[in-house]
>>> print(open('query_5.txt').read())   # compact mmCIF, C-alpha atoms and all ligand atoms
# COMPACT_ATOMS: atom_id res chain seq x y z
CA MET A 116 -39.81 21.72 -24.02
CA ALA A 117 -38.69 18.47 -22.42
CA LYS A 118 -41.24 16.58 -20.41
CA LYS A 119 -40.62 16.65 -16.70
CA ALA A 120 -41.05 13.53 -14.65
CA LYS A 121 -43.98 13.40 -12.27
CA LYS A 122 -43.17 12.23 -8.79
CA ASN A 123 -44.24 8.72 -7.86
CA ARG A 124 -44.88 7.77 -11.49
CA PRO A 125 -45.19 3.95 -11.55
CA SER A 126 -42.17 2.98 -13.68
CA THR A 127 -43.27 -0.58 -14.45
CA SER A 128 -46.42 0.28 -16.39
CA SER A 129 -45.23 3.55 -17.95
CA PRO A 130 -43.93 3.55 -21.53
CA PHE A 131 -41.57 6.37 -20.47
CA MET A 132 -38.03 5.88 -19.18
CA GLN A 133 -36.76 8.39 -16.66
CA PHE A 134 -33.22 9.81 -16.61
CA GLY A 135 -32.60 12.47 -13.99
CA ASN A 136 -35.72 14.63 -14.19
CA GLU A 137 -36.41 13.86 -17.84
CA LEU A 138 -38.75 11.34 -19.41
CA VAL A 139 -38.05 9.68 -22.74
CA GLY A 140 -40.92 7.98 -24.54
CA PRO A 141 -40.91 5.40 -27.34
CA GLY A 142 -39.65 6.89 -30.62
CA GLU A 143 -37.95 9.83 -28.87
CA ARG A 144 -34.30 10.87 -28.88
CA LYS A 145 -32.99 13.18 -26.16
CA ARG A 146 -29.77 14.72 -24.85
CA ILE A 147 -29.86 14.80 -21.05
CA ASP A 148 -27.41 16.09 -18.45
CA LEU A 149 -27.14 14.00 -15.30
CA GLU A 150 -25.99 16.25 -12.50
CA VAL A 151 -23.12 14.62 -10.65
CA ALA A 152 -21.30 17.20 -8.52
CA THR A 153 -20.44 20.84 -7.90
CA LEU A 154 -16.92 22.26 -8.30
CA TYR A 155 -15.10 24.53 -5.84
CA ASP A 156 -16.53 27.57 -7.64
CA TYR A 157 -20.04 26.13 -7.48
CA THR A 158 -20.07 25.25 -11.19
CA LYS A 159 -22.32 22.25 -11.74
CA ILE A 160 -20.72 19.17 -13.27
CA ASN A 161 -22.88 16.87 -15.41
CA ILE A 162 -22.55 13.58 -17.22
CA PRO A 163 -24.07 14.26 -20.65
CA ILE A 164 -25.93 11.31 -22.13
CA GLU A 165 -28.00 10.73 -25.24
CA VAL A 166 -30.97 8.36 -25.19
CA ILE A 167 -32.40 6.97 -28.43
CA ARG A 168 -35.61 4.97 -28.13
CA GLY A 169 -37.15 2.99 -30.94
CA LYS A 170 -40.89 2.85 -31.38
CA GLU A 171 -40.76 -0.92 -30.93
CA GLU A 172 -39.58 -2.68 -27.80
CA GLY A 173 -36.19 -4.37 -27.70
CA PRO A 174 -33.01 -4.61 -25.66
CA THR A 175 -31.60 -1.69 -23.70
CA LEU A 176 -27.91 -1.15 -24.39
CA PHE A 177 -25.50 1.34 -22.88
CA ILE A 178 -22.27 2.30 -24.63
CA SER A 179 -19.89 4.18 -22.36
CA ALA A 180 -16.44 5.71 -22.82
CA ALA A 181 -13.85 7.59 -20.78
CA VAL A 182 -14.52 5.87 -17.46
CA HIS A 183 -10.78 6.56 -17.45
CA GLY A 184 -10.87 10.23 -18.44
CA ASP A 185 -7.90 10.17 -20.84
CA GLU A 186 -9.05 7.10 -22.83
CA ILE A 187 -10.65 8.95 -25.71
CA ASN A 188 -10.83 6.55 -28.70
CA GLY A 189 -14.23 5.44 -27.35
CA ILE A 190 -15.50 9.01 -27.38
CA GLU A 191 -14.91 9.18 -31.13
CA ILE A 192 -16.56 5.75 -31.55
CA ILE A 193 -19.70 6.98 -29.75
CA LYS A 194 -19.65 10.24 -31.70
CA ARG A 195 -19.76 8.28 -34.97
CA ILE A 196 -22.50 5.95 -33.69
CA LEU A 197 -24.63 8.97 -32.80
CA GLN A 198 -24.13 10.46 -36.28
CA SER A 199 -25.20 7.22 -38.01
CA SER A 200 -28.46 7.09 -39.95
CA LYS A 201 -28.81 3.46 -38.79
CA LEU A 202 -30.17 4.70 -35.46
CA ALA A 203 -33.47 5.61 -37.16
CA ARG A 204 -34.23 1.86 -37.32
CA ILE A 205 -33.49 1.03 -33.72
CA LYS A 206 -35.62 -1.31 -31.60
CA GLY A 207 -35.39 -0.93 -27.87
CA THR A 208 -33.23 1.76 -26.26
CA LEU A 209 -29.65 2.89 -26.80
CA ILE A 210 -28.02 4.99 -24.08
CA CYS A 211 -24.73 6.63 -25.10
CA ILE A 212 -22.39 8.10 -22.50
CA PRO A 213 -19.34 9.50 -24.34
CA VAL A 214 -17.65 10.76 -21.16
CA VAL A 215 -18.35 9.04 -17.84
CA ASN A 216 -15.40 10.52 -15.92
CA THR A 217 -15.95 14.14 -16.87
CA PHE A 218 -13.42 15.27 -14.23
CA GLY A 219 -10.55 13.24 -15.70
CA PHE A 220 -11.56 14.08 -19.27
CA ASN A 221 -11.29 17.82 -18.70
CA ASN A 222 -7.87 17.38 -17.07
CA LEU A 223 -6.50 14.86 -19.63
CA SER A 224 -6.25 12.44 -16.73
CA ARG A 225 -7.21 8.82 -16.13
CA TYR A 226 -8.26 9.58 -12.58
CA LEU A 227 -10.71 11.55 -10.48
CA PRO A 228 -9.60 14.77 -8.73
CA ASP A 229 -8.70 12.82 -5.56
CA ARG A 230 -6.52 10.40 -7.63
CA ARG A 231 -9.07 7.59 -7.30
CA ASP A 232 -9.65 5.26 -10.23
CA LEU A 233 -13.38 5.40 -11.09
CA ASN A 234 -13.23 1.83 -12.34
CA ARG A 235 -12.50 0.70 -8.77
CA CYS A 236 -15.40 2.70 -7.25
CA PHE A 237 -18.37 0.64 -8.53
CA PRO A 238 -21.13 0.04 -7.53
CA GLY A 239 -20.57 3.10 -5.36
CA SER A 240 -22.70 4.75 -2.74
CA ALA A 241 -24.87 7.85 -2.54
CA ARG A 242 -22.97 8.88 0.58
CA GLY A 243 -19.42 7.92 -0.44
CA SER A 244 -16.47 9.73 -2.02
CA LEU A 245 -16.85 11.69 -5.25
CA GLY A 246 -15.96 8.58 -7.28
CA SER A 247 -18.31 6.42 -5.25
CA ARG A 248 -21.18 8.88 -5.79
CA LEU A 249 -20.47 9.09 -9.53
CA ALA A 250 -20.42 5.28 -9.76
CA HIS A 251 -23.66 5.06 -7.79
CA LEU A 252 -25.34 7.60 -10.10
CA PHE A 253 -24.16 5.69 -13.17
CA MET A 254 -25.49 2.40 -11.78
CA LYS A 255 -28.85 3.92 -10.83
CA GLU A 256 -29.44 6.03 -13.94
CA ILE A 257 -27.87 3.82 -16.62
CA VAL A 258 -26.83 0.26 -15.77
CA SER A 259 -29.91 -0.73 -13.78
CA LYS A 260 -32.09 0.06 -16.83
CA CYS A 261 -30.03 -2.01 -19.29
CA SER A 262 -29.91 -5.58 -20.55
CA HIS A 263 -26.51 -5.12 -22.26
CA GLY A 264 -23.50 -2.81 -22.11
CA ILE A 265 -20.27 -2.01 -23.92
CA ASP A 266 -17.58 -0.14 -21.98
CA LEU A 267 -14.94 1.39 -24.28
CA HIS A 268 -11.34 1.68 -23.06
CA THR A 269 -7.79 2.14 -24.39
CA GLY A 270 -4.39 1.26 -23.01
CA ALA A 271 -3.07 3.51 -20.24
CA ILE A 272 -0.99 6.56 -21.09
CA HIS A 273 2.11 5.59 -23.13
CA ARG A 274 0.78 2.06 -23.59
CA SER A 275 -1.01 0.81 -26.67
CA ASN A 276 -3.28 -2.21 -27.06
CA ILE A 277 -4.31 -4.04 -30.18
CA PRO A 278 -8.15 -3.92 -30.45
CA GLN A 279 -9.45 -6.66 -28.17
CA ILE A 280 -12.49 -7.68 -26.16
CA ARG A 281 -12.20 -8.47 -22.47
CA ALA A 282 -15.07 -10.44 -21.04
CA SER A 283 -15.94 -13.16 -18.53
CA LEU A 284 -16.38 -16.12 -20.82
CA ASP A 285 -17.86 -18.37 -18.10
CA ASN A 286 -21.20 -16.76 -19.05
CA GLU A 287 -22.31 -18.36 -22.33
CA GLU A 288 -24.31 -15.35 -23.46
CA VAL A 289 -21.42 -12.98 -22.82
CA LYS A 290 -19.14 -15.40 -24.69
CA GLN A 291 -21.44 -15.27 -27.71
CA LEU A 292 -21.55 -11.45 -27.57
CA ALA A 293 -17.75 -11.33 -27.40
CA ASN A 294 -17.58 -13.46 -30.56
CA ASP A 295 -20.24 -11.36 -32.27
CA PHE A 296 -18.30 -8.15 -31.62
CA GLY A 297 -15.91 -9.38 -34.28
CA VAL A 298 -12.44 -8.24 -33.19
CA PRO A 299 -10.00 -11.11 -33.67
CA ILE A 300 -8.72 -11.27 -30.09
CA ILE A 301 -10.72 -12.04 -26.96
CA ILE A 302 -9.14 -12.07 -23.53
CA ASN A 303 -10.97 -14.12 -20.92
CA SER A 304 -10.60 -11.56 -18.22
CA SER A 305 -11.53 -12.12 -14.60
CA LEU A 306 -13.56 -9.37 -13.00
CA ARG A 307 -11.96 -6.79 -10.78
CA ASP A 308 -13.55 -5.62 -7.58
CA GLY A 309 -14.95 -2.15 -8.00
CA SER A 310 -15.10 -2.26 -11.80
CA LEU A 311 -18.14 -1.22 -13.79
CA ARG A 312 -18.12 -4.65 -15.44
CA GLU A 313 -18.24 -6.47 -12.08
CA ALA A 314 -21.04 -4.24 -10.74
CA ALA A 315 -23.03 -4.66 -13.97
CA ARG A 316 -22.63 -8.46 -13.84
CA LYS A 317 -24.16 -8.48 -10.36
CA LYS A 318 -27.19 -6.71 -11.88
CA ARG A 319 -27.29 -9.44 -14.58
CA VAL A 320 -26.35 -6.95 -17.28
CA LYS A 321 -24.19 -8.54 -19.98
CA VAL A 322 -21.17 -6.29 -20.49
CA LEU A 323 -18.21 -6.38 -22.86
CA LEU A 324 -15.10 -4.28 -22.39
CA PHE A 325 -13.43 -3.11 -25.60
CA GLU A 326 -9.75 -2.11 -25.37
CA GLY A 327 -7.87 -0.52 -28.22
CA GLY A 328 -5.04 1.92 -28.81
CA GLU A 329 -3.45 4.37 -26.46
CA ALA A 330 -4.72 7.07 -24.08
CA LEU A 331 -5.07 10.64 -25.43
CA ARG A 332 -5.13 9.57 -29.09
CA PHE A 333 -7.70 9.16 -31.83
CA GLU A 334 -6.53 6.09 -33.78
CA GLU A 335 -8.48 5.37 -36.94
CA ASP A 336 -7.92 1.59 -37.04
CA VAL A 337 -9.04 1.26 -33.42
CA ILE A 338 -12.04 3.54 -33.89
CA LYS A 339 -13.15 1.56 -36.96
CA ALA A 340 -12.77 -1.76 -35.12
CA GLY A 341 -14.80 -0.48 -32.16
CA LEU A 342 -17.47 1.07 -34.35
CA LYS A 343 -17.83 -2.10 -36.39
CA GLY A 344 -18.04 -4.16 -33.19
CA CYS A 345 -20.72 -1.95 -31.60
CA PHE A 346 -22.95 -2.12 -34.69
CA SER A 347 -22.34 -5.86 -35.00
CA LEU A 348 -23.43 -6.40 -31.39
CA MET A 349 -26.50 -4.18 -31.88
CA LYS A 350 -27.53 -6.38 -34.80
CA ASN A 351 -26.90 -9.60 -32.94
CA ILE A 352 -29.02 -8.62 -29.94
CA GLY A 353 -31.91 -7.57 -32.22
CA MET A 354 -31.53 -3.83 -31.78
CA LEU A 355 -30.75 -3.19 -35.45
CA PRO A 356 -31.92 -5.22 -38.47
CA GLN A 357 -29.49 -7.70 -39.97
CA LYS A 358 -28.30 -6.90 -43.48
CA GLU A 359 -30.75 -7.56 -46.30
CA LYS A 360 -30.40 -10.94 -47.97
CA ILE A 361 -29.01 -9.47 -51.18
CA LYS A 362 -26.14 -7.78 -49.40
CA LYS A 363 -25.62 -10.78 -47.17
CA LYS A 364 -24.65 -12.92 -50.16
CA LYS A 365 -21.90 -10.47 -51.05
CA ARG A 366 -20.50 -10.41 -47.54
CA VAL A 367 -17.10 -11.84 -46.90
CA LYS A 368 -17.01 -14.91 -44.71
CA LYS A 369 -17.41 -14.07 -41.03
CA LYS A 370 -14.03 -13.47 -39.41
CA SER A 371 -12.87 -15.89 -36.75
CA THR A 372 -12.11 -14.83 -33.23
CA TYR A 373 -9.53 -16.35 -30.92
CA VAL A 374 -9.57 -16.54 -27.16
CA ALA A 375 -6.21 -16.07 -25.45
CA GLN A 376 -5.31 -18.88 -23.07
CA SER A 377 -3.23 -16.56 -20.91
CA SER A 378 -1.06 -13.45 -21.18
CA HIS A 379 1.99 -11.96 -19.50
CA TRP A 380 4.19 -8.87 -19.65
CA ILE A 381 7.86 -8.99 -20.59
CA ARG A 382 9.84 -6.68 -18.32
CA ALA A 383 13.03 -4.78 -19.13
CA PRO A 384 16.13 -6.80 -18.11
CA HIS A 385 18.17 -3.56 -17.92
CA SER A 386 17.66 0.22 -18.00
CA GLY A 387 18.33 2.10 -21.23
CA SER A 388 16.86 3.18 -24.54
CA VAL A 389 14.94 0.72 -26.67
CA LYS A 390 15.05 -0.37 -30.28
CA GLN A 391 11.82 -2.25 -30.86
CA ILE A 392 12.19 -5.24 -33.20
CA LYS A 393 8.62 -6.56 -32.96
CA THR A 394 5.46 -4.52 -32.72
CA LEU A 395 1.74 -4.77 -31.92
CA GLY A 396 0.04 -7.71 -33.61
CA ASP A 397 3.31 -9.52 -34.40
CA GLU A 398 3.69 -13.22 -33.74
CA VAL A 399 6.74 -14.09 -31.63
CA GLN A 400 8.43 -17.40 -30.93
CA ALA A 401 9.81 -18.41 -27.53
CA GLY A 402 13.35 -17.05 -27.25
CA GLU A 403 12.97 -14.63 -30.17
CA ILE A 404 14.41 -11.12 -29.76
CA ILE A 405 11.59 -8.57 -29.49
CA ALA A 406 13.63 -5.49 -28.57
CA VAL A 407 17.19 -4.40 -27.84
CA ILE A 408 18.08 -2.11 -24.94
CA SER A 409 21.36 -0.19 -25.01
CA ASP A 410 22.98 2.88 -23.51
CA THR A 411 22.71 6.24 -25.31
CA PHE A 412 25.95 5.52 -27.24
CA GLY A 413 24.56 2.29 -28.62
CA ASN A 414 26.87 0.20 -26.45
CA ASN A 415 26.20 -2.57 -23.93
CA PRO A 416 23.16 -4.00 -25.71
CA TYR A 417 20.72 -6.26 -23.90
CA ASN A 418 18.39 -8.44 -25.93
CA VAL A 419 14.78 -8.64 -24.75
CA ARG A 420 13.42 -12.08 -25.62
CA ALA A 421 9.95 -13.61 -25.67
CA LYS A 422 9.44 -16.20 -22.93
CA SER A 423 6.76 -18.05 -24.87
CA SER A 424 5.33 -18.12 -28.36
CA GLY A 425 2.36 -15.79 -28.81
CA ILE A 426 1.04 -12.52 -30.16
CA ILE A 427 1.98 -9.02 -28.99
CA ILE A 428 -1.34 -7.50 -27.82
CA GLY A 429 0.00 -4.51 -25.88
CA MET A 430 3.20 -2.54 -25.52
CA SER A 431 4.81 0.51 -23.99
CA THR A 432 5.15 3.37 -26.47
CA ILE A 433 8.01 5.10 -24.60
CA PRO A 434 11.37 3.88 -25.94
CA LEU A 435 13.06 4.44 -22.58
CA VAL A 436 12.98 1.90 -19.76
CA ASN A 437 14.13 1.30 -16.26
CA LYS A 438 15.03 -2.25 -15.32
CA GLY A 439 11.77 -4.02 -14.48
CA ASP A 440 9.47 -1.79 -16.55
CA ALA A 441 6.67 -3.62 -18.38
CA MET A 442 7.58 -3.46 -22.08
CA VAL A 443 5.54 -5.91 -24.13
CA HIS A 444 2.27 -7.76 -23.37
CA ILE A 445 2.15 -11.20 -24.99
CA ALA A 446 -1.00 -13.34 -25.27
CA LEU A 447 -0.76 -17.09 -25.72
CA PHE A 448 -3.08 -18.92 -28.09
CA SER A 449 -3.50 -22.58 -29.02
CA ASP A 450 -2.40 -21.65 -32.55
CA SER A 451 -0.73 -18.22 -32.72
CA SER A 452 -0.03 -18.44 -36.45
CA LYS A 453 -3.78 -18.52 -37.22
CA VAL A 454 -4.27 -15.38 -35.11
CA SER A 455 -1.32 -13.76 -36.84
CA ASP A 456 -2.75 -14.58 -40.30
CA LEU A 457 -6.08 -13.10 -39.27
CA LEU A 458 -4.48 -9.90 -37.97
CA GLN A 459 -2.48 -9.49 -41.18
CA THR A 460 -5.53 -9.89 -43.41
CA ASP A 461 -8.13 -8.12 -41.27
CA ASP A 462 -9.92 -5.68 -43.55
CA GLU A 463 -11.58 -2.41 -42.70
CA GLU A 464 -15.10 -3.32 -43.76
CA ILE A 465 -17.61 -1.42 -41.68
CA ILE A 466 -20.86 -3.33 -41.31
ZN ZN B 501 -9.45 2.11 -19.10
>>> encode(input="query_5.txt", output="structure tokens", more="lines below")
Ligand SMILES: [Zn+2]
Amino acid sequence: MAKKAKKNRPSTSSPFMQFGNELVGPGERKRIDLEVATLYDYTKINIPIEVIRGKEEGPTLFISAAVHGDEINGIEIIKRILQSSKLARIKGTLICIPVVNTFGFNNLSRYLPDRRDLNRCFPGSARGSLGSRLAHLFMKEIVSKCSHGIDLHTGAIHRSNIPQIRASLDNEEVKQLANDFGVPIIINSSLRDGSLREAARKKRVKVLLFEGGEALRFEEDVIKAGLKGCFSLMKNIGMLPQKEKIKKKKRVKKKSTYVAQSSHWIRAPHSGSVKQIKTLGDEVQAGEIIAVISDTFGNNPYNVRAKSSGIIIGMSTIPLVNKGDAMVHIALFSDSSKVSDLLQTDDEEII
């Protein structure tokens, strides 16, 4: 039987952490449902979370996925983290939230039932819209208890992203965490009003946003990159032990990471169907042809060219465009060829 929280329990001196009406003590692992709303038919809707507490003190990390309900690669990443035997050696507290936007998830949708974007509803309010209340609950129950966070995302529907970290690199500690995550590409991303990352920063919680793959897909390379990054970060913040010395000697040299100086989308110069010449992770030179748009007979071709030299970090996966549609996302680096080499040779070693 789960312990129930006593009212007015002084939280500062207690070794227990409270989530909803449940208490989790040191060394305990618990699945808890946070009640968030009631549907039209009076069915209760919950955010299911799992809390794993080590016996020893340490950082408190949340790992969340599906803030956008159709971005499911992160759900599989969290599933694999929760199945790992490594969690038996944890210090501090890990809070996993595989599905934050349970409404969108059950409808294969990015959004909430009222078409709001949950990632524009933070920090939310207890008396606001459904999204605002959900955001408020998430801040109160999860973020406010954490020192660190990882929010797992994918590209939007019909758009795919190469695995990348988005973070505010003006904070030195966040910058270090972004490097430690270990994916080759880091985008110095300004914060957006209403985002979980922005609200967490105001609470002095250090948060990384991982982006990889496409909505509504499980993509093995992306899942492996995210999984490896989460475990790497857990080691670097002292939540999990570093590898034993013996194994450390055998380890391949730590992979470099590169911070994009800027990025831009290339838009379709004409409507039509698309033959893609370059793909995700490819290096492109300024003026190089990255796709060809033609009519359905193969006539009247229009070349789509790169405006600058860089690396393709995101792209539309629908080979049909209207003039002006965003087709290819290119990031600029001080030395794109080094990034390209790294992407070509990146192995699948899971730490
Ligand atoms: Zn997202």
>>> residues_near_ligand(input="query_5.txt", ligand="ligand ZN 501 (chain B)", cutoff="12 Å", atoms="all atoms listed in the file", output="tab-separated table (two decimals) with C-alpha atoms, keeping the file's coordinate frame")
chain	number	residue	atom	x	y	z
A	179	SER	CA	-19.89	4.18	-22.36
A	180	ALA	CA	-16.44	5.71	-22.82
A	181	ALA	CA	-13.85	7.59	-20.78
A	182	VAL	CA	-14.52	5.87	-17.46
A	183	HIS	CA	-10.78	6.56	-17.45
A	184	GLY	CA	-10.87	10.23	-18.44
A	185	ASP	CA	-7.90	10.17	-20.84
A	186	GLU	CA	-9.05	7.10	-22.83
A	187	ILE	CA	-10.65	8.95	-25.71
A	188	ASN	CA	-10.83	6.55	-28.70
A	189	GLY	CA	-14.23	5.44	-27.35
A	215	VAL	CA	-18.35	9.04	-17.84
A	216	ASN	CA	-15.40	10.52	-15.92
A	219	GLY	CA	-10.55	13.24	-15.70
A	224	SER	CA	-6.25	12.44	-16.73
A	225	ARG	CA	-7.21	8.82	-16.13
A	226	TYR	CA	-8.26	9.58	-12.58
A	232	ASP	CA	-9.65	5.26	-10.23
A	233	LEU	CA	-13.38	5.40	-11.09
A	234	ASN	CA	-13.23	1.83	-12.34
A	235	ARG	CA	-12.50	0.70	-8.77
A	266	ASP	CA	-17.58	-0.14	-21.98
A	267	LEU	CA	-14.94	1.39	-24.28
A	268	HIS	CA	-11.34	1.68	-23.06
A	269	THR	CA	-7.79	2.14	-24.39
A	270	GLY	CA	-4.39	1.26	-23.01
A	271	ALA	CA	-3.07	3.51	-20.24
A	272	ILE	CA	-0.99	6.56	-21.09
A	274	ARG	CA	0.78	2.06	-23.59
A	275	SER	CA	-1.01	0.81	-26.67
A	276	ASN	CA	-3.28	-2.21	-27.06
A	281	ARG	CA	-12.20	-8.47	-22.47
A	310	SER	CA	-15.10	-2.26	-11.80
A	311	LEU	CA	-18.14	-1.22	-13.79
A	312	ARG	CA	-18.12	-4.65	-15.44
A	324	LEU	CA	-15.10	-4.28	-22.39
A	325	PHE	CA	-13.43	-3.11	-25.60
A	326	GLU	CA	-9.75	-2.11	-25.37
A	327	GLY	CA	-7.87	-0.52	-28.22
A	328	GLY	CA	-5.04	1.92	-28.81
A	329	GLU	CA	-3.45	4.37	-26.46
A	330	ALA	CA	-4.72	7.07	-24.08
A	331	LEU	CA	-5.07	10.64	-25.43
>>> residues_around(input="query_5.txt", residues="A:Glu171", least_positions_apart="3", cutoff="12 Å", atoms="all atoms listed in the file", output="JSON, numbers by chain")
{"A": [130, 140, 141, 142, 143, 167, 168, 174, 175, 203, 204, 205, 206, 207, 208, 353, 354, 355]}
>>> residues_around(input="query_5.txt", residues="A:Asp285", least_positions_apart="3", cutoff="12 Å", atoms="all atoms listed in the file", output="ChimeraX atom specification")
/A:282,288-291,293,303-306,316,321
>>> residues_near_point(input="query_5.txt", point="(-4.5, -21.5, -33.2)", cutoff="12 Å", atoms="all atoms listed in the file", output="PyMOL selection string")
chain A and resi 299-300+371-376+398+424-426+446-457
>>> residues_around(input="query_5.txt", residues="stretch 381-397 of chain A", least_positions_apart="5", cutoff="6 Å", atoms="all atoms listed in the file", output="list in words")
Ile405, Ala406, Val407, Ile408, Ser409, Asp410, Ile426, Ile427, Ile428, Pro434, Leu435, Val436, Asn437, Lys438, Gly439, Asp440, Ala441, Met442 and Val443 of chain A
>>> atom_distance(input="query_5.txt", atom1="atom CA of A:Gly309", atom2="atom CA of A:Leu323")
15.8 Å
>>> closest_residue(input="query_5.txt", among="A:Leu176, A:Leu342, A:Val320, A:Leu154", to="A:Leu245", atoms="only C-alpha atoms")
A:Leu154
